[in-house]
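Content type mmCIF, C-alpha atoms, from the file work.cif:
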```cif
data_protein
#
loop_
_atom_site.group_PDB
_atom_site.id
_atom_site.type_symbol
_atom_site.label_atom_id
_atom_site.label_comp_id
_atom_site.auth_asym_id
_atom_site.auth_seq_id
_atom_site.Cartn_x
_atom_site.Cartn_y
_atom_site.Cartn_z
ATOM 1 C CA MET S 1 0.000 0.000 0.000
ATOM 2 C CA GLU S 2 2.140 2.872 -1.297
ATOM 3 C CA ASN S 3 -0.261 5.574 -0.087
ATOM 4 C CA ILE S 4 -2.171 5.002 3.131
ATOM 5 C CA LYS S 5 -5.017 7.461 2.810
ATOM 6 C CA SER S 6 -7.143 7.051 5.913
ATOM 7 C CA PHE S 7 -7.582 5.468 9.303
ATOM 8 C CA ASN S 8 -9.784 2.926 7.576
ATOM 9 C CA ASP S 9 -6.702 1.866 5.571
ATOM 10 C CA MET S 10 -4.812 1.596 8.853
ATOM 11 C CA PHE S 11 -7.629 -0.508 10.279
ATOM 12 C CA GLN S 12 -7.273 -2.896 7.340
ATOM 13 C CA ILE S 13 -3.499 -3.147 7.896
ATOM 14 C CA VAL S 14 -4.063 -4.195 11.511
ATOM 15 C CA LYS S 15 -7.008 -6.459 10.691
ATOM 16 C CA GLN S 16 -5.105 -8.301 7.965
ATOM 17 C CA SER S 17 -1.774 -8.558 9.787
ATOM 18 C CA GLY S 18 -2.588 -11.874 11.431
ATOM 19 C CA LYS S 19 -0.690 -10.839 14.566
ATOM 20 C CA THR S 20 -1.970 -11.793 17.989
ATOM 21 C CA LEU S 21 -1.299 -8.673 20.027
ATOM 22 C CA ARG S 22 -2.075 -7.656 23.597
ATOM 23 C CA ILE S 23 -2.670 -4.188 25.012
ATOM 24 C CA ALA S 24 -1.711 -3.438 28.614
ATOM 25 C CA ALA S 25 -4.164 -0.707 29.609
ATOM 26 C CA VAL S 26 -3.342 1.154 32.817
ATOM 27 C CA ASN S 27 -6.393 2.148 34.893
ATOM 28 C CA PRO S 28 -8.808 2.135 31.930
ATOM 29 C CA ILE S 29 -11.721 3.300 34.060
ATOM 30 C CA ASP S 30 -12.855 6.380 32.151
ATOM 31 C CA GLU S 31 -15.692 6.112 29.649
ATOM 32 C CA ALA S 32 -13.730 7.129 26.517
ATOM 33 C CA THR S 33 -10.879 4.677 27.136
ATOM 34 C CA ASN S 34 -13.291 1.859 27.920
ATOM 35 C CA GLU S 35 -15.285 2.518 24.759
ATOM 36 C CA SER S 36 -12.180 2.572 22.554
ATOM 37 C CA LEU S 37 -10.975 -0.709 24.063
ATOM 38 C CA ARG S 38 -14.431 -2.244 23.668
ATOM 39 C CA ILE S 39 -14.249 -1.553 19.914
ATOM 40 C CA VAL S 40 -10.773 -3.115 19.781
ATOM 41 C CA GLU S 41 -12.094 -6.296 21.363
ATOM 42 C CA GLU S 42 -15.313 -6.288 19.347
ATOM 43 C CA GLN S 43 -13.289 -6.087 16.117
ATOM 44 C CA SER S 44 -10.832 -8.766 17.350
ATOM 45 C CA LEU S 45 -7.889 -6.411 16.757
ATOM 46 C CA ALA S 46 -6.092 -7.302 19.991
ATOM 47 C CA GLU S 47 -6.558 -8.758 23.451
ATOM 48 C CA VAL S 48 -6.837 -6.242 26.276
ATOM 49 C CA VAL S 49 -5.260 -6.689 29.702
ATOM 50 C CA ARG S 50 -6.794 -4.203 32.120
ATOM 51 C CA ILE S 51 -4.467 -3.293 34.962
ATOM 52 C CA GLN S 52 -6.062 -1.386 37.821
ATOM 53 C CA ASP S 53 -4.741 -0.405 41.216
ATOM 54 C CA THR S 54 -5.695 2.226 43.772
ATOM 55 C CA LEU S 55 -2.059 3.314 43.632
ATOM 56 C CA PRO S 56 -1.469 4.544 40.050
ATOM 57 C CA GLU S 57 2.300 4.114 40.409
ATOM 58 C CA ARG S 58 1.807 0.438 41.141
ATOM 59 C CA ALA S 59 -0.563 0.005 38.181
ATOM 60 C CA ALA S 60 2.020 1.606 35.864
ATOM 61 C CA GLU S 61 4.801 -0.629 37.201
ATOM 62 C CA LYS S 62 2.678 -3.755 36.716
ATOM 63 C CA ALA S 63 1.899 -2.811 33.111
ATOM 64 C CA VAL S 64 5.539 -2.047 32.293
ATOM 65 C CA ALA S 65 6.594 -5.372 33.836
ATOM 66 C CA LEU S 66 4.051 -7.120 31.605
ATOM 67 C CA ILE S 67 5.635 -5.525 28.522
ATOM 68 C CA ARG S 68 9.158 -6.424 29.677
ATOM 69 C CA ARG S 69 8.165 -10.080 30.082
ATOM 70 C CA GLY S 70 6.810 -10.136 26.535
ATOM 71 C CA ASP S 71 3.248 -10.696 27.754
ATOM 72 C CA ALA S 72 1.911 -7.507 26.124
ATOM 73 C CA ASP S 73 2.817 -5.520 23.000
ATOM 74 C CA VAL S 74 1.291 -2.051 23.495
ATOM 75 C CA LEU S 75 1.100 0.120 26.610
ATOM 76 C CA MET S 76 -1.918 2.419 26.972
ATOM 77 C CA LYS S 77 -2.655 5.206 29.413
ATOM 78 C CA GLY S 78 -6.090 5.260 30.997
ATOM 79 C CA LEU S 79 -7.067 7.420 33.955
ATOM 80 C CA ILE S 80 -3.533 8.038 35.198
ATOM 81 C CA SER S 81 -1.175 10.995 35.071
ATOM 82 C CA THR S 82 1.133 10.912 32.058
ATOM 83 C CA ASP S 83 4.027 11.836 34.363
ATOM 84 C CA ILE S 84 3.430 8.774 36.533
ATOM 85 C CA LEU S 85 3.234 6.463 33.535
ATOM 86 C CA LEU S 86 6.371 7.938 31.969
ATOM 87 C CA ARG S 87 8.347 7.527 35.189
ATOM 88 C CA ALA S 88 7.680 3.794 34.961
ATOM 89 C CA VAL S 89 8.526 3.716 31.238
ATOM 90 C CA LEU S 90 11.773 5.671 31.708
ATOM 91 C CA ASN S 91 12.976 3.906 34.861
ATOM 92 C CA LYS S 92 16.624 3.032 34.157
ATOM 93 C CA VAL S 93 16.381 -0.348 35.894
ATOM 94 C CA SER S 94 12.851 -1.608 35.247
ATOM 95 C CA GLY S 95 11.625 0.610 32.402
ATOM 96 C CA LEU S 96 11.189 0.245 28.650
ATOM 97 C CA LEU S 97 13.734 2.623 27.113
ATOM 98 C CA ALA S 98 16.994 0.919 26.212
ATOM 99 C CA GLU S 99 20.253 2.841 26.590
ATOM 100 C CA GLY S 100 20.946 5.018 23.579
ATOM 101 C CA ARG S 101 17.329 5.091 22.429
ATOM 102 C CA VAL S 102 15.289 8.306 22.189
ATOM 103 C CA LEU S 103 11.653 8.600 23.217
ATOM 104 C CA THR S 104 9.702 10.847 20.872
ATOM 105 C CA HIS S 105 6.086 11.499 19.906
ATOM 106 C CA ILE S 106 4.789 10.657 16.438
ATOM 107 C CA SER S 107 1.395 11.878 15.285
ATOM 108 C CA VAL S 108 -0.651 11.078 12.214
ATOM 109 C CA ALA S 109 -3.546 13.068 10.770
ATOM 110 C CA GLU S 110 -6.309 12.321 8.305
ATOM 111 C CA ILE S 111 -6.872 15.791 6.830
ATOM 112 C CA PRO S 112 -9.781 16.329 4.418
ATOM 113 C CA ALA S 113 -7.672 18.696 2.283
ATOM 114 C CA TYR S 114 -4.720 16.294 1.926
ATOM 115 C CA HIS S 115 -4.719 13.177 -0.228
ATOM 116 C CA LYS S 116 -3.150 10.762 2.258
ATOM 117 C CA LEU S 117 -2.326 10.369 5.933
ATOM 118 C CA LEU S 118 0.289 12.855 7.115
ATOM 119 C CA PHE S 119 2.746 11.850 9.838
ATOM 120 C CA PHE S 120 4.597 14.414 11.949
ATOM 121 C CA THR S 121 6.931 14.600 14.920
ATOM 122 C CA ASP S 122 7.304 15.851 17.701
ATOM 123 C CA VAL S 123 4.360 17.737 19.228
ATOM 124 C CA ALA S 124 4.475 16.552 22.837
ATOM 125 C CA VAL S 125 7.767 15.237 24.217
ATOM 126 C CA ILE S 126 11.025 16.810 22.973
ATOM 127 C CA PRO S 127 10.926 20.631 23.282
ATOM 128 C CA TYR S 128 13.947 21.554 21.135
ATOM 129 C CA PRO S 129 15.492 18.470 19.510
ATOM 130 C CA THR S 130 19.246 18.074 19.489
ATOM 131 C CA GLN S 131 20.865 16.892 16.284
ATOM 132 C CA LYS S 132 20.947 13.316 17.634
ATOM 133 C CA GLN S 133 17.301 13.466 18.651
ATOM 134 C CA ARG S 134 16.275 14.881 15.272
ATOM 135 C CA MET S 135 18.236 12.142 13.532
ATOM 136 C CA GLU S 136 16.319 9.555 15.559
ATOM 137 C CA GLN S 137 13.014 11.265 14.793
ATOM 138 C CA VAL S 138 13.744 10.825 11.088
ATOM 139 C CA ARG S 139 14.811 7.207 11.636
ATOM 140 C CA TYR S 140 11.662 6.371 13.616
ATOM 141 C CA ALA S 141 9.364 8.178 11.176
ATOM 142 C CA ALA S 142 10.830 6.240 8.248
ATOM 143 C CA GLU S 143 10.442 2.998 10.215
ATOM 144 C CA VAL S 144 6.808 3.741 11.021
ATOM 145 C CA CYS S 145 6.046 4.493 7.370
ATOM 146 C CA HIS S 146 7.732 1.281 6.250
ATOM 147 C CA GLN S 147 5.577 -0.661 8.713
ATOM 148 C CA MET S 148 2.545 0.997 7.114
ATOM 149 C CA GLY S 149 3.566 -0.285 3.706
ATOM 150 C CA ILE S 150 4.908 3.050 2.432
ATOM 151 C CA PHE S 151 7.849 1.826 0.374
ATOM 152 C CA GLU S 152 9.754 5.106 0.057
ATOM 153 C CA PRO S 153 8.434 7.716 2.528
ATOM 154 C CA ARG S 154 9.015 11.368 1.710
ATOM 155 C CA ILE S 155 10.246 13.200 4.804
ATOM 156 C CA ALA S 156 10.353 17.003 5.038
ATOM 157 C CA LEU S 157 12.608 18.835 7.502
ATOM 158 C CA LEU S 158 10.475 21.872 8.265
ATOM 159 C CA HIS S 159 11.471 25.471 8.790
ATOM 160 C CA CYS S 160 9.773 28.801 8.139
ATOM 161 C CA ALA S 161 11.892 29.306 5.006
ATOM 162 C CA GLU S 162 14.167 27.424 2.627
ATOM 163 C CA HIS S 163 17.316 28.645 4.349
ATOM 164 C CA GLY S 164 18.674 28.991 7.859
ATOM 165 C CA GLY S 165 20.506 31.863 9.450
ATOM 166 C CA ARG S 166 22.336 32.688 12.641
ATOM 167 C CA GLN S 167 19.101 32.755 14.651
ATOM 168 C CA PHE S 168 18.233 29.202 13.516
ATOM 169 C CA PRO S 169 21.424 27.174 14.055
ATOM 170 C CA PHE S 170 19.574 23.831 14.084
ATOM 171 C CA VAL S 171 18.925 24.174 10.345
ATOM 172 C CA ASP S 172 22.660 23.622 9.754
ATOM 173 C CA GLY S 173 22.142 20.022 10.863
ATOM 174 C CA TYR S 174 19.600 19.355 8.116
ATOM 175 C CA GLN S 175 22.360 18.863 5.560
ATOM 176 C CA GLU S 176 23.915 16.065 7.622
ATOM 177 C CA ILE S 177 20.533 14.363 7.980
ATOM 178 C CA LYS S 178 20.002 14.499 4.218
ATOM 179 C CA GLN S 179 23.438 13.024 3.623
ATOM 180 C CA GLU S 180 22.711 10.210 6.075
ATOM 181 C CA ALA S 181 19.432 9.519 4.278
ATOM 182 C CA GLU S 182 21.171 9.402 0.893
ATOM 183 C CA GLY S 183 23.659 6.924 2.366
ATOM 184 C CA GLY S 184 20.860 4.598 3.470
ATOM 185 C CA THR S 185 21.036 5.217 7.216
ATOM 186 C CA PHE S 186 17.248 5.344 7.528
ATOM 187 C CA GLY S 187 16.413 2.703 4.956
ATOM 188 C CA ARG S 188 14.530 3.517 1.769
ATOM 189 C CA CYS S 189 13.286 7.122 2.024
ATOM 190 C CA ILE S 190 13.660 10.615 0.565
ATOM 191 C CA VAL S 191 14.591 13.444 2.935
ATOM 192 C CA ASP S 192 14.743 17.142 2.066
ATOM 193 C CA GLY S 193 14.803 20.494 3.829
ATOM 194 C CA PRO S 194 14.675 23.085 5.033
ATOM 195 C CA LEU S 195 11.239 23.547 3.513
ATOM 196 C CA ASP S 196 8.247 25.514 4.710
ATOM 197 C CA LEU S 197 4.989 23.658 5.285
ATOM 198 C CA LYS S 198 3.330 24.665 2.015
ATOM 199 C CA SER S 199 6.342 23.748 -0.087
ATOM 200 C CA ALA S 200 6.532 20.399 1.680
ATOM 201 C CA CYS S 201 2.884 19.515 0.985
ATOM 202 C CA SER S 202 1.937 21.391 -2.191
ATOM 203 C CA LEU S 203 3.540 21.005 -5.612
ATOM 204 C CA GLN S 204 1.836 24.230 -6.686
ATOM 205 C CA ALA S 205 3.436 26.164 -3.810
ATOM 206 C CA LEU S 206 6.798 24.569 -4.533
ATOM 207 C CA GLN S 207 6.672 25.548 -8.190
ATOM 208 C CA ALA S 208 5.442 29.070 -7.413
ATOM 209 C CA LYS S 209 8.583 29.607 -5.346
ATOM 210 C CA GLY S 210 10.792 28.103 -8.030
ATOM 211 C CA ILE S 211 12.091 25.460 -5.622
ATOM 212 C CA ILE S 212 13.294 22.093 -6.837
ATOM 213 C CA SER S 213 12.794 19.375 -4.239
ATOM 214 C CA PRO S 214 12.790 15.572 -4.561
ATOM 215 C CA LEU S 215 9.742 15.555 -2.284
ATOM 216 C CA GLU S 216 7.729 17.256 -5.051
ATOM 217 C CA GLY S 217 5.261 18.739 -2.546
ATOM 218 C CA ASP S 218 4.067 15.249 -1.649
ATOM 219 C CA SER S 219 5.409 14.684 1.864
ATOM 220 C CA ASP S 220 4.431 11.716 4.006
ATOM 221 C CA VAL S 221 6.228 13.020 7.101
ATOM 222 C CA LEU S 222 6.873 16.456 8.580
ATOM 223 C CA VAL S 223 9.745 16.761 11.053
ATOM 224 C CA MET S 224 8.907 19.834 13.106
ATOM 225 C CA PRO S 225 11.654 22.260 14.095
ATOM 226 C CA ASP S 226 10.473 22.282 17.720
ATOM 227 C CA ILE S 227 7.563 21.392 19.979
ATOM 228 C CA GLU S 228 5.989 24.850 19.667
ATOM 229 C CA ALA S 229 5.601 24.596 15.900
ATOM 230 C CA GLY S 230 4.480 20.977 16.153
ATOM 231 C CA ASN S 231 1.896 21.539 18.866
ATOM 232 C CA ALA S 232 0.434 24.583 17.109
ATOM 233 C CA PHE S 233 0.171 22.619 13.845
ATOM 234 C CA TYR S 234 -1.498 19.672 15.593
ATOM 235 C CA LYS S 235 -4.113 21.821 17.282
ATOM 236 C CA ALA S 236 -4.765 23.911 14.175
ATOM 237 C CA MET S 237 -5.425 20.760 12.159
ATOM 238 C CA THR S 238 -7.992 19.468 14.652
ATOM 239 C CA LEU S 239 -9.650 22.838 15.341
ATOM 240 C CA PHE S 240 -9.782 24.418 11.881
ATOM 241 C CA ALA S 241 -9.289 21.588 9.355
ATOM 242 C CA ASN S 242 -11.537 18.878 10.848
ATOM 243 C CA ALA S 243 -8.593 16.495 10.968
ATOM 244 C CA ARG S 244 -8.824 13.124 12.690
ATOM 245 C CA THR S 245 -5.607 12.438 14.564
ATOM 246 C CA ALA S 246 -3.690 9.803 16.473
ATOM 247 C CA GLY S 247 -0.421 9.810 18.365
ATOM 248 C CA ILE S 248 1.983 7.446 20.087
ATOM 249 C CA LEU S 249 5.256 7.561 21.964
ATOM 250 C CA TYR S 250 7.873 5.718 19.936
ATOM 251 C CA GLY S 251 11.393 4.520 20.664
ATOM 252 C CA ALA S 252 10.750 2.404 23.747
ATOM 253 C CA LYS S 253 10.336 -1.378 23.834
ATOM 254 C CA CYS S 254 6.759 -0.911 22.610
ATOM 255 C CA PRO S 255 4.523 1.862 21.318
ATOM 256 C CA VAL S 256 2.899 3.814 24.149
ATOM 257 C CA VAL S 257 -0.565 5.307 23.726
ATOM 258 C CA VAL S 258 -0.888 8.453 25.835
ATOM 259 C CA PRO S 259 -4.129 10.141 24.775
ATOM 260 C CA SER S 260 -5.322 13.353 26.357
ATOM 261 C CA ARG S 261 -8.009 13.111 28.990
ATOM 262 C CA GLY S 262 -10.172 15.206 26.660
ATOM 263 C CA ASP S 263 -9.863 12.839 23.684
ATOM 264 C CA ASN S 264 -13.075 11.207 22.539
ATOM 265 C CA PRO S 265 -13.359 7.440 21.909
ATOM 266 C CA ASP S 266 -12.679 7.894 18.175
ATOM 267 C CA ALA S 267 -9.380 9.683 18.815
ATOM 268 C CA LYS S 268 -8.321 7.095 21.391
ATOM 269 C CA PHE S 269 -9.276 4.241 19.078
ATOM 270 C CA ASN S 270 -7.244 5.811 16.248
ATOM 271 C CA SER S 271 -4.206 6.016 18.529
ATOM 272 C CA ILE S 272 -4.630 2.350 19.469
ATOM 273 C CA LEU S 273 -4.828 1.482 15.769
ATOM 274 C CA PHE S 274 -1.641 3.461 15.149
ATOM 275 C CA ALA S 275 0.144 1.634 17.962
ATOM 276 C CA LEU S 276 -1.007 -1.786 16.767
ATOM 277 C CA ALA S 277 0.044 -1.015 13.193
ATOM 278 C CA THR S 278 3.557 -0.091 14.327
ATOM 279 C CA THR S 279 4.077 -2.916 16.819
ATOM 280 C CA LYS S 280 6.879 -5.360 16.211
ATOM 281 C CA LYS S 281 6.544 -8.679 17.971
ATOM 282 C CA HIS S 282 10.262 -9.083 18.601
ATOM 283 C CA TYR S 283 12.670 -6.425 19.838
ATOM 284 C CA ASN S 284 16.398 -6.570 20.447
ATOM 285 C CA TYR S 285 16.175 -5.484 24.044
#
```
Will you turn the file into structure tokens for me?
Amino acid sequence: MENIKSFNDMFQIVKQSGKTLRIAAVNPIDEATNESLRIVEEQSLAEVVRIQDTLPERAAEKAVALIRRGDADVLMKGLISTDILLRAVLNKVSGLLAEGRVLTHISVAEIPAYHKLLFFTDVAVIPYPTQKQRMEQVRYAAEVCHQMGIFEPRIALLHCAEHGGRQFPFVDGYQEIKQEAEGGTFGRCIVDGPLDLKSACSLQALQAKGIISPLEGDSDVLVMPDIEAGNAFYKAMTLFANARTAGILYGAKCPVVVPSRGDNPDAKFNSILFALATTKKHYNY
């Protein structure tokens, strides 16, 4: 599936995968989380292990231990503070993040005005990515796209213009990332930047500016310059563009679903779908 156009396409990927997956849901006692998990079970997409405890820290530790033992494949946040869950995930002794790995947030949006799903990172975890963190964001984004059946994902390194400047030193690192991509570091993909958002996602805008880019205004992935740009984009898409969205934490032993307390069942279900579609049964951990 070279272009995955909708969450329905993602549903089909999960449904047809043939994997037997398990979700460790931490304190799934709120209505929206319960409803999203009910749909998962009703559609036979995964088994759900509900882990509840009056002490949220203990519930998080139990769920993480389940993942470490290989008895679950996806970790999901229910009615529990994200900080408490992340402390268990990031624990250096008993957590899920191997040494040298980076934890980042990857979102995906189904936008009525765009012809396919659009992936982007990071809107929630890394405030101002270092060069190493940005390199890993590109690596993870390419990996996620490959798992979705996108043979050669087009990845745009975003900026407000097509050049850097002294006030934007991080843009200097884009050239190294492009060179790494050309050398095959991230597998089969095309990486270009700096590009502004319109040039990354519109051939017409690209041509109007007289820019030549191998992405051809057809990006699959947007790598945001920082969390402020990413978060503003995410919220603008949902508020003004009627986008359906999903998001996961990526880079740990398993995908982690950390929906907002305000997310409706549809949004939470989409994030579960995203996690299931990007789950690998075997990790070198």
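The space between CA of Gly217 in chain S and CA of Ala200 in chain S spans 4.7 Å.
Neighbours of Arg50 in chain S closer than or equal to 10 Å, with only C-alpha atoms counted and sequence neighbours fewer than 6 positions away skipped, come out as Ile23, Ala24, Ala25, Val26, Asn27, Pro28, Ile29, Asn34, Leu37, Ala59, Ala63, Met76 and Gly78 of chain S.
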Write out the residues from the selection above, keeping C-alpha atoms, as a compact mmCIF listing (two decimals), in the frame of the given file.
```txt
# COMPACT_ATOMS: atom_id res chain seq x y z
CA ILE S 23 -2.67 -4.19 25.01
CA ALA S 24 -1.71 -3.44 28.61
CA ALA S 25 -4.16 -0.71 29.61
CA VAL S 26 -3.34 1.15 32.82
CA ASN S 27 -6.39 2.15 34.89
CA PRO S 28 -8.81 2.13 31.93
CA ILE S 29 -11.72 3.30 34.06
CA ASN S 34 -13.29 1.86 27.92
CA LEU S 37 -10.98 -0.71 24.06
CA ALA S 59 -0.56 0.00 38.18
CA ALA S 63 1.90 -2.81 33.11
CA MET S 76 -1.92 2.42 26.97
CA GLY S 78 -6.09 5.26 31.00
```
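In terms of minimum interatomic distance to Ala205 in chain S, S:Asp218 ranks closest within S:Leu96, S:Pro265, S:Asp218, S:Arg139, counting only C-alpha atoms.
Neighbouring residues of Arg58 in chain S at 12 Å or closer, counting only C-alpha atoms and skipping chain neighbours under 4 positions away, are Val26, Asn27, Ile51, Gln52, Asp53, Thr54, Lys62, Ala63, Val64, Ala65, Ile80, Ile84, Leu85, Arg87 and Ala88 of chain S.
Counting all atoms listed in the file, the residue from S:Ser260, S:Gln175, S:Thr130, S:Gln167 that sits nearest to Ala246 in chain S is S:Ser260.
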Do you know which residues lie at most 10 Å from (3.1, -1.6, 19.2), with coordinates as in the file and only C-alpha atoms counted, and could you write them as a PDB file with C-alpha atoms, in the coordinates of the input?
```pdb
ATOM      1  CA  LEU S  21      -1.299  -8.673  20.027  1.00  0.00           C
ATOM      2  CA  ARG S  22      -2.075  -7.656  23.597  1.00  0.00           C
ATOM      3  CA  ILE S  23      -2.670  -4.188  25.012  1.00  0.00           C
ATOM      4  CA  ALA S  72       1.911  -7.507  26.124  1.00  0.00           C
ATOM      5  CA  ASP S  73       2.817  -5.520  23.000  1.00  0.00           C
ATOM      6  CA  VAL S  74       1.291  -2.051  23.495  1.00  0.00           C
ATOM      7  CA  LEU S  75       1.100   0.120  26.610  1.00  0.00           C
ATOM      8  CA  ILE S 248       1.983   7.446  20.087  1.00  0.00           C
ATOM      9  CA  LEU S 249       5.256   7.561  21.964  1.00  0.00           C
ATOM     10  CA  TYR S 250       7.873   5.718  19.936  1.00  0.00           C
ATOM     11  CA  ALA S 252      10.750   2.404  23.747  1.00  0.00           C
ATOM     12  CA  LYS S 253      10.336  -1.378  23.834  1.00  0.00           C
ATOM     13  CA  CYS S 254       6.759  -0.911  22.610  1.00  0.00           C
ATOM     14  CA  PRO S 255       4.523   1.862  21.318  1.00  0.00           C
ATOM     15  CA  VAL S 256       2.899   3.814  24.149  1.00  0.00           C
ATOM     16  CA  VAL S 257      -0.565   5.307  23.726  1.00  0.00           C
ATOM     17  CA  ILE S 272      -4.630   2.350  19.469  1.00  0.00           C
ATOM     18  CA  LEU S 273      -4.828   1.482  15.769  1.00  0.00           C
ATOM     19  CA  PHE S 274      -1.641   3.461  15.149  1.00  0.00           C
ATOM     20  CA  ALA S 275       0.144   1.634  17.962  1.00  0.00           C
ATOM     21  CA  LEU S 276      -1.007  -1.786  16.767  1.00  0.00           C
ATOM     22  CA  ALA S 277       0.044  -1.015  13.193  1.00  0.00           C
ATOM     23  CA  THR S 278       3.557  -0.091  14.327  1.00  0.00           C
ATOM     24  CA  THR S 279       4.077  -2.916  16.819  1.00  0.00           C
ATOM     25  CA  LYS S 280       6.879  -5.360  16.211  1.00  0.00           C
ATOM     26  CA  LYS S 281       6.544  -8.679  17.971  1.00  0.00           C
TER      27      LYS S 281
END
```
Can you list what the PyMOL selection byres ((chain S and resi 145) around 12) grabs from this structure, as number ranges by chain? S: 1-4, 10, 106-108, 117-120, 138-144, 146-155, 186-190, 219-221, 274, 277-278
All residues 9 Å or closer to range 225-239 of chain S, all atoms listed in the file, same chain fewer than 5 positions away omitted, as a PyMOL selection string: chain S and resi 107+109+111+120-129+134+157-159+170-171+244-245
